[in-house]
Amino acid sequence: MSYAPILSHLSPASLGEVVKMADQRMNVETPYVFPIAFVTLLFILYFIANLLHNLLLPCMVGRKWRDIKAEHRRTLVVYVLQLVITTLVVAMQLSVCSLISLRFALWKVNVVRACACLIAALYLFELIYRYRMTYPMIAHHLITCFAMSLALVMCERLQDPSYVITGLLWIFQATTEQTTFVALFMYRLKAPARMLRTVFRIAAVQSIVFKFASIAGTIWMWIKFQRRADGQLYTAWDALYWICTAGLAVTQVWGAWVVWKMGDSLEQRYSQKSQQEDELQFTPVLVASNAARMQQSRQSSTTASVESSRKTSRNVSCDLEKAAFELELTTRS
């Protein structure tokens, strides 16, 4: 076995500390651990987002891409990322659903951890990348990330596999919104209102049903395996679990209601958008016409002043000629 050359230059005390460093066990909540995989994932998301924004979506959307505001372009990029990554994660979740029947395996637990990492990176990237987000959506993302982190900490600290299942069920609340992303993407591209209304309603109903099924699954796990456990961490979990569950339920209901209302008001939204675009197009013309009028008024005022100065100079010259003629008559007489 080869050793690092620097070890021969260390004192016995330093060697002892190096041995401690090698034997040190890192936890998921250790603050000074550098998460290489998570940072790499954020860079990958950044690269894919720029590829979508600058190349793929402009080619797919065509000329409409130029007419979309910069803020909404980034929103469309996020919708595509959400659709792709949540579909990937839900496929990973379905591959380990045998955990619900208590058939554990190490690779299945690692898949659940990977799902949590992907969703957390996606939500964090969205919070950074988008220009603005509604407060309920921000609260939803923060609570989801906190809940997944809490489940991972409880699983590692207590070595209780029930929290793996809770985390798996919890993540379904973030990975069953594909229909919503499709509806919102089509709305930004001004799809026909009659067709899009149906898509919005299906998205609202499907989303709320799947999310409450996920919440029901976590409640079932809490009642069956976690409610009767003793210990300070279990007590803390009981309080935080219900706070997170209530917060997520409120944000889910709010999101489904907003999606449903958007489907009912598509014609009004489209008309407002067209009016805003017409106003934006009319404003430069109005400014140009006002500038032309001001220029014409300036030219007319300049012309009038020149003519008045000419008349004044003519009158002055006539008066001077008269005065000179009278002076000449006086001298002759």
# chains A, B, ... in the order shown; residues from 1 in each chain; ligands from 1
>>> residues_around(residues="range 92-103 of chain A", least_positions_apart="5", cutoff="8 Å", atoms="only C-alpha atoms", output="list in words")
Lys108, Val111, Val112, Cys115, Ile165 and Leu168 of chain A
>>> write_last_selection(atoms="C-alpha atoms", output="CSV table (one decimal), in the first residue's frame")
chain,number,residue,atom,x,y,z
A,108,LYS,CA,-33.6,1.8,-3.3
A,111,VAL,CA,-32.5,6.2,-5.3
A,112,VAL,CA,-34.8,8.1,-2.9
A,115,CYS,CA,-34.7,12.0,-6.0
A,165,ILE,CA,-40.8,5.7,2.8
A,168,LEU,CA,-40.5,8.8,-1.0
>>> select_by_dssp(residues="range 102-220 of chain A", states="helix (DSSP H, G or I)", output="PyMOL selection string")
chain A and resi 106-129+135-158+162-171+178-188+193-220
>>> closest_residue(among="A:Leu266, A:Met154, A:Leu189, A:Gln173", to="Thr235 in chain A", atoms="only C-alpha atoms")
A:Met154
>>> closest_residue(among="A:Ala174, A:Met186, A:Leu158, A:Ile223", to="Val90 in chain A", atoms="only C-alpha atoms")
A:Ala174
>>> closest_residue(among="A:Trp257, A:Tyr32, A:Tyr3, A:Tyr46", to="Arg201 in chain A", atoms="only C-alpha atoms")
A:Trp257
>>> atom_distance(atom1="CA of Gly263 in chain A", atom2="CA of Val199 in chain A")
7.9 Å
>>> atom_distance(atom1="CA of Thr144 in chain A", atom2="CA of Ile171 in chain A")
7.9 Å
>>> closest_residue(among="A:Thr166, A:Lys190, A:Leu55, A:Leu42", to="Glu126 in chain A", atoms="only C-alpha atoms")
A:Leu42
>>> decode(residues="range 47-61 of chain A", atoms="N, CA and C atoms", output="PDB file, in the first residue's frame")
ATOM      1  N   PHE A  47     -26.459  25.122 -17.409  1.00  0.00           N
ATOM      2  CA  PHE A  47     -26.077  24.902 -18.805  1.00  0.00           C
ATOM      3  C   PHE A  47     -27.298  24.533 -19.650  1.00  0.00           C
ATOM      4  N   ILE A  48     -28.139  23.637 -19.140  1.00  0.00           N
ATOM      5  CA  ILE A  48     -29.328  23.227 -19.889  1.00  0.00           C
ATOM      6  C   ILE A  48     -30.286  24.406 -20.061  1.00  0.00           C
ATOM      7  N   ALA A  49     -30.431  25.226 -19.016  1.00  0.00           N
ATOM      8  CA  ALA A  49     -31.323  26.386 -19.108  1.00  0.00           C
ATOM      9  C   ALA A  49     -30.854  27.359 -20.183  1.00  0.00           C
ATOM     10  N   ASN A  50     -29.558  27.615 -20.253  1.00  0.00           N
ATOM     11  CA  ASN A  50     -29.043  28.503 -21.299  1.00  0.00           C
ATOM     12  C   ASN A  50     -29.191  27.888 -22.683  1.00  0.00           C
ATOM     13  N   LEU A  51     -29.023  26.580 -22.775  1.00  0.00           N
ATOM     14  CA  LEU A  51     -29.217  25.911 -24.059  1.00  0.00           C
ATOM     15  C   LEU A  51     -30.667  26.027 -24.517  1.00  0.00           C
ATOM     16  N   LEU A  52     -31.588  25.861 -23.590  1.00  0.00           N
ATOM     17  CA  LEU A  52     -33.002  26.010 -23.930  1.00  0.00           C
ATOM     18  C   LEU A  52     -33.337  27.451 -24.307  1.00  0.00           C
ATOM     19  N   HIS A  53     -32.812  28.395 -23.537  1.00  0.00           N
ATOM     20  CA  HIS A  53     -33.159  29.799 -23.740  1.00  0.00           C
ATOM     21  C   HIS A  53     -32.588  30.357 -25.036  1.00  0.00           C
ATOM     22  N   ASN A  54     -31.384  29.972 -25.380  1.00  0.00           N
ATOM     23  CA  ASN A  54     -30.692  30.591 -26.512  1.00  0.00           C
ATOM     24  C   ASN A  54     -30.775  29.805 -27.808  1.00  0.00           C
ATOM     25  N   LEU A  55     -31.117  28.521 -27.734  1.00  0.00           N
ATOM     26  CA  LEU A  55     -31.076  27.718 -28.951  1.00  0.00           C
ATOM     27  C   LEU A  55     -32.346  26.897 -29.174  1.00  0.00           C
ATOM     28  N   LEU A  56     -32.672  26.027 -28.239  1.00  0.00           N
ATOM     29  CA  LEU A  56     -33.734  25.051 -28.486  1.00  0.00           C
ATOM     30  C   LEU A  56     -35.116  25.694 -28.556  1.00  0.00           C
ATOM     31  N   LEU A  57     -35.484  26.462 -27.540  1.00  0.00           N
ATOM     32  CA  LEU A  57     -36.817  27.065 -27.540  1.00  0.00           C
ATOM     33  C   LEU A  57     -37.010  28.085 -28.659  1.00  0.00           C
ATOM     34  N   PRO A  58     -36.029  28.947 -28.979  1.00  0.00           N
ATOM     35  CA  PRO A  58     -36.226  29.827 -30.139  1.00  0.00           C
ATOM     36  C   PRO A  58     -36.470  29.065 -31.434  1.00  0.00           C
ATOM     37  N   CYS A  59     -35.807  27.916 -31.599  1.00  0.00           N
ATOM     38  CA  CYS A  59     -36.037  27.118 -32.806  1.00  0.00           C
ATOM     39  C   CYS A  59     -37.417  26.463 -32.783  1.00  0.00           C
ATOM     40  N   MET A  60     -37.855  26.037 -31.605  1.00  0.00           N
ATOM     41  CA  MET A  60     -39.153  25.373 -31.502  1.00  0.00           C
ATOM     42  C   MET A  60     -40.311  26.360 -31.614  1.00  0.00           C
ATOM     43  N   VAL A  61     -40.194  27.485 -30.943  1.00  0.00           N
ATOM     44  CA  VAL A  61     -41.291  28.454 -30.910  1.00  0.00           C
ATOM     45  C   VAL A  61     -41.341  29.283 -32.183  1.00  0.00           C
TER      46      VAL A  61
END
